[in-house]
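Undergrad: Sharing a structure below in structure tokens format, with a few things to ask.
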Amino acid sequence: MAAAFTVRGLVKRYGPLTALGGVDLDVEEGELVGLLGPNGAGKSTLVKIGCGLVRASAGEAYVCGARAGSAEARAAMGYLAELFRFPGWTTADELLELHQRLAGSAGGAEERAELLELVGLEDARRRRVEAMSKGMQQRLGIAQALVGTPRFLFLDEPTSALDPGGRRTVRGLLEELRRRGVAVLLNSHLLSEVELVCDRVAILSRGSIVAEGRPSELARPHGVEVDVGGGTRLFAGAGREEAPRIVAGLVASGEQVYGVRVLETTLEEIYLEAVGDDTA
Ligand SMILES: Nc1ncnc2c1ncn2[C@@H]1O[C@H](COP(=O)(O)OP(=O)(O)OP(=O)(O)O)[C@@H](O)[C@H]1O
Ligand SMILES: [Mg+2]
């Protein structure tokens, strides 16, 4: 089966500015990929090309095997834009109904009720957008992206307006989507969140991918820290596999061991190293 999203050699120029300088990226079926990068790195440009809203200067983009922007590609995907604004006078239910018409979904009232329940808005069905908090609007945005049961979702910063509780709700929602086999490309600045939920991350800087992999693959050992009777000893640079030998050595030399921690680089450290001075 074709990957959920594929780009090859993708270039986007806006006049003299190169927003994307030849990007290759794959999101496999059912995979959740986090796209990170500083402001202006090109994340939203990549997503908009994937949706067919922006035309690439060179290279190719495919959604579920169909050329990005084609009717077939659009039918297979859902999209939550970065700075979306729904009309204030529509209710949650009306908004989803409008998007069902736009997407050609025959899901009817049943689909709308299911989506509102999925995002925790079942009691806000008749509430107008203008009477919703930002967090509720953002969750409604996610429900909108799921109209028509897409196989692949572009979510451009879906948790930027959410409080910690709301972010956790969305994280749970992403895990539910994974269980359903929906693939997701998630743009985000919230590194800890991406680390918690994504199968893989790609870091974009000045229009190029500068790091890519599973969060656990990108993490490097920092050292092993052992609490002994006299305090804490740091074995700098040691990895997890060295921990048993270190502890055995300490015990053999008569130390009492109270705790052992394997220290790894955080995604934040990896990110800052990868983007270098590309920070606004
Ligand atoms: N329509 C446009 N015309 C000209 N330049 C544009 C246009 N859209 C984006 N750009 C430029 O392309 C670059 C990439 O922008 P993009 O919105 O993709 O970044 P981003 O990674 O999504 O940033 P952010 O984290 O702030 O959302 C920026 O330098 C931006 O100013
Ligand atoms: Mg953006």
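By order of appearance in the structure tokens: chains A, B, ..., then residues from 1 within every chain, and ligands from 1 in the order shown.
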Pick out the residues sitting within 8 Å of region 219-224 of chain A, and hand them over as JSON, numbers by chain; count only C-alpha atoms, and ignore anything fewer than 3 positions along from it in its own chain.

TA: {"A": [215, 216, 234, 235, 236, 237, 238, 239, 240, 243, 260, 261, 262, 263, 264, 265, 266, 267, 270]}

Undergrad: Tell me which protein, DNA and RNA residues are within 7 Å of region 246-256 of chain A, counting only C-alpha atoms, leaving out same-chain ones fewer than 2 positions away, and put them as a list in words.

TA: Val228, Gly229, Glu242, Ala243, Pro244 and Tyr258 of chain A

Undergrad: Residues of region 67-222 of chain A in strand (DSSP E or B) according to DSSP, as a PyMOL selection string?

TA: chain A and resi 67+77-80+91+128+152-156+183-187+200-205+208-213+221-222

Undergrad: Pick out the residues sitting within 12 Å of region 58-71 of chain A, and hand them over as a ChimeraX atom specification; count only C-alpha atoms, and ignore anything fewer than 2 positions along from it in its own chain.

TA: /A:1-13,18-30,46-56,73-78,103-104,150-154,182-185

Undergrad: All residues within 7 Å of ligand 2 are required, counting only C-alpha atoms and all ligand atoms; please report them as a list in words.

TA: Asn39, Gly40, Gly42, Lys43, Ser44, Glu82 and Asp156 of chain A

Undergrad: Could you write out that same residue set with C-alpha atoms as a PDB file, in the first residue's frame?

TA:
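Wrote it out as out_15.pdb, contents follow:
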```pdb
ATOM      1  CA  ASN A  39       9.330  29.910  12.962  1.00  0.00           C
ATOM      2  CA  GLY A  40       9.694  30.326   9.224  1.00  0.00           C
ATOM      3  CA  GLY A  42       8.848  25.918   6.092  1.00  0.00           C
ATOM      4  CA  LYS A  43       6.552  23.565   8.051  1.00  0.00           C
ATOM      5  CA  SER A  44       3.264  25.171   7.025  1.00  0.00           C
ATOM      6  CA  GLU A  82      -2.570  26.839  11.515  1.00  0.00           C
ATOM      7  CA  ASP A 156      -0.733  22.382  11.766  1.00  0.00           C
TER       8      ASP A 156
END
```

Undergrad: Closest to ligand 1 among A:Glu72, A:Asp278, A:Glu176, A:Asp123, using only C-alpha atoms and all ligand atoms?

TA: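 Ranking A:Glu72, A:Asp278, A:Glu176, A:Asp123 by distance to ligand 1, first place goes to A:Asp278.
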
Undergrad: Return as a VMD selection string the full set of residues in region 6-227 of chain A whose backbone-based DSSP assignment is alpha helix (DSSP H).

TA: chain A and resid 43 to 51 71 to 76 92 to 103 108 to 118 134 to 145 164 to 179 191 to 197 215 to 218

Undergrad: When distances are computed from only C-alpha atoms and all ligand atoms, which of A:Arg167, A:Arg206, A:Arg128, A:Arg178 shows the smallest separation from ligand 1?

TA: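 Residue with the minimum atom-to-atom distance to ligand 1: A:Arg206.
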
Undergrad: If you measure from CA of Ser57 (chain A) to CA of Gly15 (chain A), what distance in Å do you get, rounded to one decimal?

TA: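 Value for the CA of Ser57 (chain A)-CA of Gly15 (chain A) distance: 10.5 Å.
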
Undergrad: Just to confirm, what's the straight-line distance from CA of Gly141 (chain A) to CA of Leu190 (chain A) in Å (one decimal)?

TA: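 That distance, rounded to one decimal, is 18.5 Å.
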
Undergrad: Find the spatial neighbours of Leu96 (chain A), counting only C-alpha atoms, within a cut-off of 8 Å - ignore same-chain residues fewer than 3 positions away - and output them as JSON, numbers by chain.

TA: {"A": [92, 93, 99, 100, 112, 143, 144, 147]}

Undergrad: So which one's closest to Gln138 (chain A), A:Val170, A:Ala202, A:Ile209, A:Leu102? Using only C-alpha atoms, please.

TA: A:Val170

Undergrad: CA of Glu273 (chain A) and CA of Pro16 (chain A) are how many Å apart?

TA: 27.3 Å

Undergrad: Measuring between only C-alpha atoms, which one of A:Ala109, A:Val197, A:Met132, A:Leu146 shows the shortest distance to Arg180 (chain A)?

TA: A:Leu146
